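Below is protein.txt, which holds compact mmCIF, C-alpha atoms.
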```txt
# COMPACT_ATOMS: atom_id res chain seq x y z
CA MET A 18 60.45 29.29 9.15
CA ASN A 19 62.92 27.07 7.34
CA ASP A 20 60.20 24.51 6.61
CA LYS A 21 58.40 26.82 4.21
CA LYS A 22 59.00 24.61 1.16
CA TRP A 23 57.82 21.51 2.99
CA ILE A 24 54.68 23.21 4.20
CA ILE A 25 53.81 24.54 0.75
CA ALA A 26 54.57 21.21 -0.89
CA GLY A 27 52.47 19.43 1.71
CA LEU A 28 49.59 21.82 1.26
CA LEU A 29 49.75 21.39 -2.50
CA LEU A 30 49.77 17.61 -2.16
CA PHE A 31 46.86 17.79 0.26
CA THR A 32 44.86 19.98 -2.13
CA VAL A 33 45.52 17.62 -5.00
CA VAL A 34 44.48 14.58 -2.96
CA VAL A 35 41.31 16.26 -1.69
CA LEU A 36 40.35 17.49 -5.13
CA SER A 37 41.33 14.26 -6.88
CA PRO A 38 37.75 13.00 -7.40
CA VAL A 39 36.77 16.33 -8.91
CA LEU A 40 39.88 16.51 -11.07
CA TRP A 41 39.43 12.91 -12.15
CA ASN A 42 35.98 13.67 -13.57
CA ALA A 43 36.60 17.23 -14.68
CA PHE A 44 37.55 16.45 -18.26
CA LYS A 45 35.19 13.55 -18.80
CA THR A 46 31.91 14.11 -20.52
CA PRO A 47 29.38 12.09 -18.58
CA THR A 48 27.12 9.88 -20.64
CA PRO A 49 23.70 9.76 -19.04
CA PRO A 50 22.18 6.31 -19.41
CA GLU A 51 19.24 5.73 -21.70
CA PRO A 52 16.52 3.58 -20.21
CA VAL A 53 15.91 0.63 -22.48
CA LEU A 54 12.33 0.35 -23.67
CA SER A 55 10.99 -3.17 -23.69
CA ALA A 56 9.73 -4.60 -26.97
CA LYS A 57 6.21 -4.42 -25.60
CA ALA A 58 6.47 -0.75 -24.65
CA LYS A 59 7.99 0.07 -28.04
CA ALA A 60 5.19 -1.75 -29.83
CA ALA A 61 2.57 0.08 -27.79
CA GLY A 62 4.13 3.42 -28.70
CA TYR A 63 2.39 5.41 -25.98
CA CYS A 64 2.42 5.63 -22.22
CA VAL A 65 -0.22 7.07 -19.91
CA LEU A 66 1.11 10.53 -20.80
CA ALA A 67 3.48 11.95 -23.42
CA LYS A 68 7.10 10.88 -23.09
CA ASP A 69 8.47 14.21 -21.86
CA GLN A 70 5.66 14.50 -19.31
CA MET A 71 6.41 11.01 -18.06
CA LYS A 72 10.12 11.82 -17.85
CA ALA A 73 9.46 14.89 -15.74
CA GLY A 74 6.43 13.80 -13.76
CA HIS A 75 6.21 10.03 -13.39
CA MET A 76 6.82 10.33 -9.66
CA GLN A 77 3.87 12.68 -9.21
CA ILE A 78 1.65 10.36 -11.25
CA LEU A 79 2.66 7.39 -9.12
CA ASP A 80 2.00 9.42 -5.98
CA VAL A 81 -1.48 10.48 -7.15
CA TRP A 82 -2.25 6.98 -8.36
CA ARG A 83 -1.38 5.26 -5.12
CA ASP A 84 -3.69 7.59 -3.20
CA ALA A 85 -6.46 7.14 -5.75
CA VAL A 86 -6.18 3.35 -5.66
CA VAL A 87 -5.75 2.82 -1.95
CA ARG A 88 -7.89 5.61 -0.59
CA GLN A 89 -10.59 6.20 -3.21
CA GLY A 90 -10.66 2.72 -4.73
CA GLU A 91 -10.22 4.22 -8.22
CA ARG A 92 -8.18 1.71 -10.15
CA VAL A 93 -8.72 2.64 -13.79
CA TYR A 94 -6.92 5.48 -15.55
CA LYS A 95 -8.17 6.86 -18.83
CA SER A 96 -5.40 8.58 -20.75
CA THR A 97 -5.94 11.52 -23.09
CA ASN A 98 -5.96 9.20 -26.10
CA GLY A 99 -8.83 7.19 -24.62
CA LYS A 100 -6.83 4.11 -23.59
CA GLU A 101 -7.57 2.61 -20.20
CA PHE A 102 -4.87 1.42 -17.82
CA ASN A 103 -4.84 -0.59 -14.64
CA MET A 104 -3.45 1.88 -12.08
CA SER A 105 -0.92 -0.49 -10.64
CA LEU A 106 2.84 -0.46 -10.48
CA SER A 107 3.39 -4.18 -10.42
CA SER A 108 0.27 -6.30 -10.89
CA GLY A 109 -0.89 -7.66 -14.20
CA GLU A 110 -0.56 -7.11 -17.92
CA ASN A 111 -2.00 -3.62 -17.95
CA SER A 112 0.17 -2.20 -15.12
CA CYS A 113 3.43 -0.24 -15.36
CA ILE A 114 5.57 -3.35 -15.09
CA GLY A 115 3.25 -5.23 -17.42
CA CYS A 116 4.53 -3.03 -20.24
CA HIS A 117 7.93 -1.91 -18.97
CA THR A 118 8.87 -5.50 -18.30
CA SER A 119 12.37 -4.93 -16.95
CA LYS A 120 13.03 -3.00 -13.76
CA VAL A 121 16.80 -3.28 -14.22
CA GLU A 122 16.81 -1.93 -17.77
CA PHE A 123 14.10 0.68 -17.33
CA CYS A 124 13.79 2.03 -13.77
CA ASP A 125 17.22 1.32 -12.37
CA LYS A 126 19.18 2.79 -15.30
CA CYS A 127 18.34 6.40 -14.43
CA HIS A 128 17.67 5.93 -10.73
CA ASN A 129 21.13 4.48 -10.16
CA TYR A 130 22.78 7.20 -12.25
CA THR A 131 21.06 10.00 -10.33
CA SER A 132 21.41 8.15 -7.02
CA VAL A 133 17.66 8.10 -6.47
CA ARG A 134 16.52 5.22 -4.30
CA PRO A 135 12.74 4.98 -4.20
CA TYR A 136 11.40 2.30 -1.87
CA CYS A 137 8.71 1.01 -4.27
CA TRP A 138 10.27 -2.42 -4.51
CA ASP A 139 10.46 -3.02 -0.77
CA CYS A 140 6.84 -4.10 -1.10
CA HIS A 141 5.88 -4.14 -4.78
CA ASN A 142 7.03 -7.20 -6.63
CA ALA A 143 9.72 -6.55 -9.19
CA PRO A 144 9.65 -8.76 -12.28
CA LYS A 145 11.99 -11.75 -12.11
CA GLU A 146 15.08 -11.11 -14.19
CA ALA A 147 18.75 -11.99 -14.38
CA MET A 148 20.77 -9.40 -12.48
CA MET B 1 23.53 60.23 -1.65
CA LYS B 2 24.07 57.77 1.17
CA ASN B 3 20.35 57.12 1.46
CA SER B 4 19.77 56.53 -2.23
CA ARG B 5 22.60 54.00 -2.48
CA ARG B 6 21.06 52.05 0.35
CA SER B 7 17.65 52.03 -1.29
CA PHE B 8 19.23 51.04 -4.63
CA ILE B 9 20.82 47.99 -3.04
CA LYS B 10 17.53 47.09 -1.39
CA ILE B 11 15.65 47.24 -4.67
CA ALA B 12 18.39 45.32 -6.49
CA GLY B 13 18.25 42.62 -3.81
CA LEU B 14 14.49 42.32 -4.06
CA ALA B 15 14.67 42.14 -7.85
CA ALA B 16 17.30 39.37 -7.69
CA LEU B 17 15.09 37.44 -5.28
CA GLY B 18 12.13 37.84 -7.61
CA ILE B 19 14.04 36.60 -10.65
CA GLY B 20 15.50 33.73 -8.65
CA SER B 21 12.13 32.54 -7.36
CA LYS B 22 10.46 32.36 -10.79
CA PRO B 23 11.88 28.94 -11.81
CA VAL B 24 11.04 27.56 -8.37
CA LEU B 25 7.43 28.71 -8.65
CA ASN B 26 7.29 27.29 -12.18
CA ALA B 27 8.44 23.93 -10.87
CA PHE B 28 5.70 23.95 -8.24
CA ALA B 29 3.08 24.94 -10.81
CA MET B 30 4.22 22.08 -13.06
CA ALA B 31 3.94 19.63 -10.20
CA GLU B 32 0.38 20.80 -9.51
CA GLU B 33 -0.54 20.35 -13.17
CA HIS B 34 0.81 16.81 -13.34
CA GLY B 35 -1.04 15.90 -10.20
CA ALA B 36 -4.35 17.39 -11.25
CA GLY B 37 -4.10 15.96 -14.76
CA ALA B 38 -3.64 12.44 -13.50
CA LYS B 39 -6.34 12.79 -10.87
CA ALA B 40 -9.08 13.95 -13.19
CA ALA B 41 -8.77 10.89 -15.41
CA THR B 42 -9.06 8.16 -12.77
CA HIS B 43 -12.22 6.26 -12.01
CA VAL B 44 -13.59 3.12 -10.40
CA GLY B 45 -13.58 0.03 -12.61
CA GLU B 46 -16.82 -1.03 -14.30
CA LYS B 47 -16.88 -4.49 -12.75
CA ALA B 48 -16.22 -3.23 -9.22
CA LEU B 49 -18.69 -4.28 -6.54
CA ALA B 50 -20.14 -1.41 -4.51
CA ALA B 51 -21.72 -1.17 -1.07
CA LYS B 52 -22.39 1.27 1.74
CA GLN B 53 -21.06 -1.04 4.44
CA TRP B 54 -19.54 -4.37 3.51
CA GLY B 55 -20.27 -7.04 6.06
CA MET B 56 -19.97 -10.74 6.70
CA VAL B 57 -21.94 -13.53 8.34
CA ILE B 58 -19.92 -16.56 9.49
CA ASP B 59 -21.99 -19.70 9.94
CA THR B 60 -20.13 -21.71 12.58
CA ARG B 61 -22.46 -24.69 12.04
CA LYS B 62 -20.68 -25.29 8.76
CA LEU B 63 -17.18 -24.82 10.17
CA GLU B 64 -16.42 -27.54 12.67
CA LYS B 65 -13.28 -29.47 11.76
CA GLU B 66 -9.69 -28.40 11.19
CA SER B 67 -10.16 -29.35 7.54
CA ASP B 68 -12.93 -26.74 7.20
CA PHE B 69 -10.67 -23.94 8.37
CA ALA B 70 -7.36 -24.73 6.66
CA PRO B 71 -8.41 -24.04 3.05
CA ILE B 72 -10.09 -20.75 4.00
CA ILE B 73 -7.05 -19.48 5.88
CA ALA B 74 -4.72 -20.70 3.14
CA ALA B 75 -6.79 -19.00 0.43
CA CYS B 76 -6.47 -15.65 2.18
CA HIS B 77 -2.86 -15.93 3.23
CA ASP B 78 -1.69 -17.15 -0.17
CA ALA B 79 -3.60 -14.44 -2.02
CA HIS B 80 -2.04 -11.70 0.08
CA ASN B 81 1.49 -13.06 0.52
CA VAL B 82 1.12 -13.30 4.28
CA PRO B 83 4.41 -14.62 5.67
CA ASN B 84 4.65 -17.70 7.84
CA MET B 85 6.86 -16.51 10.70
CA LYS B 86 8.67 -19.15 12.68
CA GLU B 87 8.53 -17.34 16.00
CA LYS B 88 5.10 -17.00 17.57
CA ARG B 89 5.75 -13.44 18.75
CA HIS B 90 6.46 -12.35 15.16
CA GLU B 91 3.36 -14.05 13.79
CA ILE B 92 1.43 -12.30 11.00
CA LYS B 93 -2.20 -13.24 10.48
CA TRP B 94 -5.14 -11.86 8.53
CA ILE B 95 -7.64 -14.61 9.31
CA TRP B 96 -7.21 -17.39 11.84
CA GLN B 97 -8.86 -19.93 14.10
CA GLU B 98 -9.63 -19.13 17.73
CA ASP B 99 -11.53 -20.75 20.61
CA TYR B 100 -15.00 -19.59 21.63
CA LYS B 101 -13.79 -18.66 25.11
CA HIS B 102 -11.30 -16.20 23.64
CA VAL B 103 -13.48 -14.80 20.88
CA PHE B 104 -16.53 -14.25 23.07
CA ALA B 105 -14.75 -13.88 26.41
CA GLU B 106 -17.46 -11.64 27.87
CA MET B 107 -20.12 -14.28 27.15
CA GLU B 108 -18.49 -16.64 29.59
CA SER B 109 -20.82 -19.04 31.33
CA LYS B 110 -20.18 -21.58 34.06
CA TYR B 111 -22.17 -24.29 32.34
CA LEU B 112 -21.84 -23.73 28.62
CA ASN B 113 -23.43 -25.82 25.93
CA GLU B 114 -20.94 -28.57 25.05
CA ARG B 115 -20.81 -27.81 21.33
CA VAL B 116 -20.28 -24.09 21.90
CA GLU B 117 -17.69 -24.68 24.61
CA LYS B 118 -15.40 -26.46 22.17
CA LEU B 119 -16.44 -24.42 19.14
CA PRO B 120 -13.53 -23.23 16.97
CA LEU B 121 -14.21 -19.86 15.36
CA LEU B 122 -12.88 -18.03 12.37
CA VAL B 123 -11.71 -14.54 13.28
CA LEU B 124 -10.52 -11.63 11.18
CA CYS B 125 -10.69 -7.83 11.12
CA ASN B 126 -14.28 -6.84 11.93
CA HIS B 127 -14.28 -3.76 9.67
CA CYS B 128 -16.14 -1.94 12.41
CA GLU B 129 -18.64 0.75 11.58
CA ASN B 130 -16.97 2.85 14.27
CA PRO B 131 -13.36 1.65 14.22
CA SER B 132 -11.14 2.54 17.15
CA CYS B 133 -7.97 1.85 15.15
CA VAL B 134 -8.85 4.64 12.72
CA ARG B 135 -9.21 7.12 15.57
CA ALA B 136 -5.85 6.06 17.01
CA CYS B 137 -3.82 6.29 13.79
CA PRO B 138 -1.78 9.51 13.81
CA THR B 139 -1.06 9.50 10.06
CA GLN B 140 -4.41 8.32 8.69
CA ALA B 141 -2.61 5.29 7.33
CA THR B 142 -5.60 3.30 8.46
CA PHE B 143 -8.92 4.79 7.47
CA LYS B 144 -12.51 3.89 6.74
CA ARG B 145 -13.46 3.83 3.09
CA ALA B 146 -16.88 4.95 1.80
CA ASP B 147 -17.85 1.29 1.36
CA GLY B 148 -17.12 0.52 5.01
CA ILE B 149 -13.81 -1.25 4.57
CA VAL B 150 -11.21 -0.34 7.18
CA MET B 151 -8.16 -0.07 4.96
CA MET B 152 -4.44 0.14 5.51
CA ASP B 153 -2.34 2.49 3.42
CA PHE B 154 1.06 0.86 3.82
CA HIS B 155 2.73 3.84 2.16
CA ARG B 156 1.72 5.98 5.12
CA CYS B 157 2.16 3.59 8.02
CA ILE B 158 4.98 4.69 10.33
CA GLY B 159 4.79 1.56 12.48
CA CYS B 160 3.78 3.27 15.74
CA ARG B 161 1.37 0.41 16.53
CA PHE B 162 -1.23 2.69 18.17
CA CYS B 163 -3.84 0.89 16.03
CA MET B 164 -2.78 -2.45 17.47
CA ALA B 165 -3.25 -1.10 20.98
CA ALA B 166 -6.61 0.38 20.00
CA CYS B 167 -8.05 -2.71 18.28
CA PRO B 168 -10.06 -4.72 20.83
CA TYR B 169 -9.97 -7.84 18.64
CA GLY B 170 -6.24 -8.33 18.09
CA SER B 171 -6.82 -8.21 14.35
CA ARG B 172 -3.58 -6.47 13.53
CA SER B 173 -0.06 -7.82 13.13
CA PHE B 174 3.24 -5.96 13.05
CA ASN B 175 6.15 -6.74 10.76
CA PHE B 176 9.03 -6.87 13.18
CA GLN B 177 11.31 -7.99 10.36
CA ASP B 178 11.34 -8.11 6.58
CA PRO B 179 8.53 -10.57 5.76
CA ARG B 180 9.79 -11.53 2.30
CA PRO B 181 12.09 -14.42 3.30
CA PHE B 182 9.16 -16.02 5.14
CA ILE B 183 6.76 -16.12 2.21
CA ASP B 184 6.52 -19.56 0.62
CA SER B 185 8.03 -19.03 -2.83
CA LYS B 186 5.84 -21.77 -4.33
CA LYS B 187 2.66 -20.03 -3.22
CA PHE B 188 3.90 -16.50 -3.92
CA ASN B 189 1.30 -14.30 -5.60
CA PRO B 190 3.10 -11.75 -7.82
CA GLU B 191 -0.15 -9.82 -8.27
CA PHE B 192 -0.27 -8.61 -4.65
CA PRO B 193 2.51 -6.57 -3.03
CA THR B 194 4.28 -7.81 0.06
CA ARG B 195 4.83 -5.62 3.09
CA MET B 196 8.08 -4.21 4.45
CA ARG B 197 9.63 -4.20 7.89
CA GLY B 198 7.96 -1.76 10.28
CA VAL B 199 4.37 -1.65 9.05
CA VAL B 200 1.17 -3.00 10.55
CA GLU B 201 -1.04 -5.23 8.43
CA LYS B 202 -4.46 -6.86 8.60
CA CYS B 203 -7.38 -8.15 6.52
CA ASN B 204 -8.53 -5.71 3.82
CA PHE B 205 -11.84 -7.50 2.99
CA CYS B 206 -10.13 -8.28 -0.35
CA SER B 207 -10.62 -4.75 -1.65
CA GLU B 208 -8.41 -5.69 -4.62
CA ARG B 209 -10.82 -8.52 -5.53
CA LEU B 210 -13.98 -6.44 -4.98
CA ALA B 211 -12.50 -3.89 -7.39
CA VAL B 212 -12.62 -6.46 -10.19
CA GLY B 213 -15.99 -7.92 -9.29
CA LYS B 214 -14.84 -10.92 -7.24
CA LEU B 215 -15.91 -11.87 -3.72
CA PRO B 216 -13.27 -12.13 -0.98
CA ALA B 217 -10.95 -15.15 -1.13
CA CYS B 218 -12.18 -16.58 2.18
CA VAL B 219 -15.82 -16.36 1.07
CA GLU B 220 -14.99 -18.18 -2.14
CA ALA B 221 -13.08 -20.92 -0.29
CA SER B 222 -15.68 -21.37 2.48
CA LYS B 223 -18.22 -23.38 0.44
CA GLY B 224 -21.09 -21.26 1.70
CA ALA B 225 -20.05 -21.00 5.35
CA ILE B 226 -19.27 -17.30 4.96
CA VAL B 227 -21.79 -14.92 3.42
CA PHE B 228 -20.63 -11.52 2.23
CA GLY B 229 -22.61 -8.46 1.21
CA ASP B 230 -23.88 -4.96 1.88
CA LEU B 231 -25.23 -4.55 5.41
CA GLU B 232 -27.10 -1.39 4.42
CA ASP B 233 -29.00 -3.12 1.62
CA PRO B 234 -32.07 -4.96 3.01
CA ALA B 235 -32.15 -7.24 -0.05
CA SER B 236 -28.55 -8.41 0.25
CA ASP B 237 -27.54 -11.98 1.13
CA VAL B 238 -26.07 -10.96 4.47
CA ARG B 239 -29.23 -9.16 5.51
CA LYS B 240 -31.32 -12.21 4.56
CA MET B 241 -29.05 -14.38 6.69
CA LEU B 242 -29.26 -11.93 9.57
CA LYS B 243 -33.04 -11.81 9.30
CA SER B 244 -33.48 -15.56 9.48
CA ASN B 245 -30.76 -16.46 12.05
CA TYR B 246 -29.76 -15.39 15.54
CA THR B 247 -26.31 -13.83 15.30
CA ILE B 248 -23.79 -12.36 17.72
CA ARG B 249 -20.93 -9.92 17.31
CA ARG B 250 -17.67 -9.59 19.20
CA LYS B 251 -17.57 -7.21 22.18
CA PRO B 252 -20.66 -5.20 21.21
CA ALA B 253 -20.54 -3.22 24.46
CA LEU B 254 -17.47 -1.34 23.21
CA GLY B 255 -19.56 0.41 20.59
CA THR B 256 -17.30 -0.33 17.64
CA SER B 257 -20.18 -2.04 15.81
CA PRO B 258 -18.35 -4.88 14.05
CA ALA B 259 -19.46 -5.81 10.53
CA VAL B 260 -18.70 -9.50 11.09
CA TYR B 261 -21.60 -11.50 12.53
CA TYR B 262 -21.52 -15.07 13.86
CA ILE B 263 -24.25 -17.67 13.74
CA VAL B 264 -23.47 -19.87 16.74
```

Structure translated into C-alpha cells:
Amino acid sequence: MNDKKWIIAGLLLFTVVVLSPVLWNAFKTPTPPEPVLSAKAKAAGYCVLAKDQMKAGHMQILDVWRDAVVRQGERVYKSTNGKEFNMSLSSGENSCIGCHTSKVEFCDKCHNYTSVRPYCWDCHNAPKEAM
Amino acid sequence: MKNSRRSFIKIAGLAALGIGSKPVLNAFAMAEEHGAGAKAATHVGEKALAAKQWGMVIDTRKLEKESDFAPIIAACHDAHNVPNMKEKRHEIKWIWQEDYKHVFAEMESKYLNERVEKLPLLVLCNHCENPSCVRACPTQATFKRADGIVMMDFHRCIGCRFCMAACPYGSRSFNFQDPRPFIDSKKFNPEFPTRMRGVVEKCNFCSERLAVGKLPACVEASKGAIVFGDLEDPASDVRKMLKSNYTIRRKPALGTSPAVYYIV
C-alpha cells in the first residue's frame, strides 16, 4: 500500500510510452503527397477517364482491363473523348507507363503514403529510373 | 410502457443500421459503375488475327541440325523473358528440343527407320482442342480462349501445379523461385511481363503478337519449317499442309486432340 506513488508514476510513464507514437503525430498536420505528373502526361492533358474518376477507380479499371486483355483478348480501350489506348500497364508508348513514365514519382508516392502494396511490379516491368 | 421502450430501441437500432449502410452501398454502386464503364469501351484491335482454332504444322524435314533449332527457341524465349535456370529441376521452357523416342513414345518400334530414330523434334504446348490442364485448374487461371489458345492468366494462378500433373506432354514449367535474376539482361524484352515465384507458365501461341497482326515468334524464326493458321478454315495454310502431307500428333489416344501436327 505504501508503493501507491510508484505504481501511479509507473502507470503514467507506461501510458506515455505506449501512446508516444500517437502523441508524437497528434499535433502535426500530415501532408499527403502529390503524385508528380510526367511532362508527357501533362502535355496529353487527359487520361482514360476524368482525373477524379481515375483517382477513385484506377484499381477497378486495371482489374477490368487485365481480365479483358488476358481472357477476352480485347486490348484496345476507347475513352469517352474518342481516344484509343493500348490496354497495358507496362508495354509500349500507348500504355499506362508509356505516359506516366515514372513509377517512383507517380505510383509509389501515394501507395507508399497509404501503405498500399500492389504486386503489379512483381511481373510487370517497371520503367528504369534512378531510385 | 416497458413494451414501447423496447420497440423504440429496436426501431432506433434499425434506423441507425440503415443510415450506416448507405455510404457502404454507395461505394459498392460506384465500384460497379467504374467496372461497367471501362468494360463497355474495350474491343479487339483492328490488326488482330482471328481464328476458330489456331494450329501449327511442324515440318521435321526442315529441322535437322542443332543450328535449325537454336534460333527458333531463342526467338521465343527472348520474346517472353523466359529465364535460363541453372539447375535442371528448376528449368523453365516454352519450346524445346526433344528426341523422337520421348515425343512419340507410344509409336515405339523395334526396328525404326534410321532417320526417324535419331530425329530431334521441336515440342511446345499443343493447345489441345480438349485440354486436360483446363479441366484440372481449380481457379480457371488456365482456360481455353474462343480462338483455341490455351492461355494462362498469371494473375489467377495459385501455383497448385494440378495443370502440370494433368498435361500429358510436360508442356508446363513451374517457377520455384523468382525468375527475374535468371533472365539475360541483354536480351530482356521490356514489352512482355516476367513471371513471379509460384506460378506455372507455358507457351501462349504468342497471343500478344497475334493481337497486333504478327505471327508467333517461332514461326517467324523457323524459315518456313513451322506453318501456323486456323485449323477450322479449309483454305488456311495449315489445312493445305495437312491435306498434302501425312502428319502425326502426340498421344492421340488420350483424346486431348492436340493442335500441333508433325510431318515426320

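Residues in contact range of B:Met164, defined as at most 12 Å between only C-alpha atoms, with sequence neighbours fewer than 5 positions away removed, read Cys125, Pro131, Ser132, Cys133, Val134, Arg135, Ala136, Cys137, Thr142, Gly159, Tyr169, Gly170, Ser171, Arg172, Ser173, Phe174, Asn175, Val199, Val200, Glu201 and Lys202 of chain B.
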
What are the residues of chain A lining chain B at 12 Å or less? Count only C-alpha atoms, and put the answer as a PyMOL selection string.
chain A and resi 65-67+69-112+114-115+135-145

Separation of atom CA of B:Asn84 from atom CA of B:Lys186, in Å and rounded to one decimal:
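We find that atom CA of B:Asn84 and atom CA of B:Lys186 lie 12.9 Å from each other.
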
Select, from B:Arg161, B:Lys187, B:Arg89, B:Arg5, the residue with the minimum atom-to-atom distance to B:His77, counting all atoms listed in the file.
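Between B:Arg161, B:Lys187, B:Arg89, B:Arg5, the residue approaching B:His77 most closely is B:Lys187.
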
From the set A:Ser132, A:Thr48, A:Asn19, A:Ser55, which residue has the shortest atom-to-atom contact distance to A:Lys120, counting only C-alpha atoms?
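Using only C-alpha atoms, A:Lys120 sits closest to A:Ser55.
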
Who sits within 9 Å of B:Asp78, all atoms listed in the file, same chain under 5 positions skipped, as a list in words:
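So the residues in contact are Ile73, Pro83, Ile183, Asp184, Lys187, Phe188 and Asn189 of chain B.
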
Nearest to B:His80: which of B:Ile248, B:Ile95, B:Ala105, B:Val264 is it, counting all atoms listed in the file?
B:Ile95

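When atom CA of B:Lys118 is paired with atom CA of B:Asn245, their separation reads 20.9 Å.
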
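Proximity to A:Ala61 was assessed for A:Val35, A:Cys124, A:Cys116, A:Leu30 counting all atoms listed in the file; the smallest distance is recorded for A:Cys116.
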
Quick check, in Å to one decimal: how far apart do atom CA of B:Cys76 and atom CA of B:Trp94 lie?
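Distance reported for this atom pair: 7.5 Å.
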
Quick one: residues within 8 Å of A:Ala58, all atoms listed in the file counted, chain neighbours fewer than 5 positions away excluded, as a list in words?
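Close residues of A:Ala58: Tyr63, Cys64, Cys116 and His117 of chain A.
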
Return as AutoDock Vina command-line options the box centre and box size in Å, one decimal, for an axis-aligned box around all listed atoms of stretch 218-225 of chain B padded by 8 Å per side.
```
--center_x -16.6 --center_y -19.9 --center_z 1.6 --size_x 24.9 --size_y 23.0 --size_z 23.5
```

Starting from the incomplete input, reconstruct N, CA and C atoms of stretch 150-169 of chain B and report them as a compact mmCIF listing (two decimals), keeping the file's coordinate frame.
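And here is the file that came out, result23.txt:
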```txt
# COMPACT_ATOMS: atom_id res chain seq x y z
N VAL B 150 -12.27 -1.00 6.42
CA VAL B 150 -11.21 -0.34 7.18
C VAL B 150 -9.89 -0.74 6.51
N MET B 151 -9.31 0.22 5.81
CA MET B 151 -8.16 -0.07 4.96
C MET B 151 -6.85 0.36 5.60
N MET B 152 -5.78 -0.28 5.14
CA MET B 152 -4.44 0.14 5.51
C MET B 152 -3.78 0.75 4.28
N ASP B 153 -3.18 1.92 4.47
CA ASP B 153 -2.34 2.49 3.42
C ASP B 153 -0.90 2.28 3.88
N PHE B 154 -0.28 1.23 3.34
CA PHE B 154 1.06 0.86 3.82
C PHE B 154 2.09 1.94 3.52
N HIS B 155 1.80 2.76 2.49
CA HIS B 155 2.73 3.84 2.16
C HIS B 155 2.84 4.84 3.31
N ARG B 156 1.75 4.96 4.08
CA ARG B 156 1.72 5.98 5.12
C ARG B 156 2.07 5.46 6.49
N CYS B 157 1.99 4.15 6.68
CA CYS B 157 2.16 3.59 8.02
C CYS B 157 3.58 3.85 8.53
N ILE B 158 3.66 4.40 9.75
CA ILE B 158 4.98 4.69 10.33
C ILE B 158 5.35 3.64 11.38
N GLY B 159 4.48 2.65 11.57
CA GLY B 159 4.79 1.56 12.48
C GLY B 159 4.72 1.92 13.95
N CYS B 160 3.86 2.87 14.33
CA CYS B 160 3.78 3.27 15.74
C CYS B 160 2.99 2.26 16.57
N ARG B 161 2.15 1.48 15.90
CA ARG B 161 1.37 0.41 16.53
C ARG B 161 0.28 0.92 17.49
N PHE B 162 -0.10 2.18 17.38
CA PHE B 162 -1.23 2.69 18.17
C PHE B 162 -2.50 1.91 17.79
N CYS B 163 -2.64 1.59 16.50
CA CYS B 163 -3.84 0.89 16.03
C CYS B 163 -3.94 -0.49 16.66
N MET B 164 -2.78 -1.12 16.87
CA MET B 164 -2.78 -2.45 17.47
C MET B 164 -3.24 -2.37 18.93
N ALA B 165 -2.82 -1.29 19.60
CA ALA B 165 -3.25 -1.10 20.98
C ALA B 165 -4.74 -0.77 21.02
N ALA B 166 -5.22 -0.06 20.00
CA ALA B 166 -6.61 0.38 20.00
C ALA B 166 -7.58 -0.73 19.60
N CYS B 167 -7.14 -1.67 18.77
CA CYS B 167 -8.05 -2.71 18.28
C CYS B 167 -8.39 -3.69 19.41
N PRO B 168 -9.69 -3.82 19.73
CA PRO B 168 -10.06 -4.72 20.83
C PRO B 168 -10.09 -6.19 20.41
N TYR B 169 -9.82 -6.47 19.15
CA TYR B 169 -9.97 -7.84 18.64
C TYR B 169 -8.64 -8.48 18.26
```
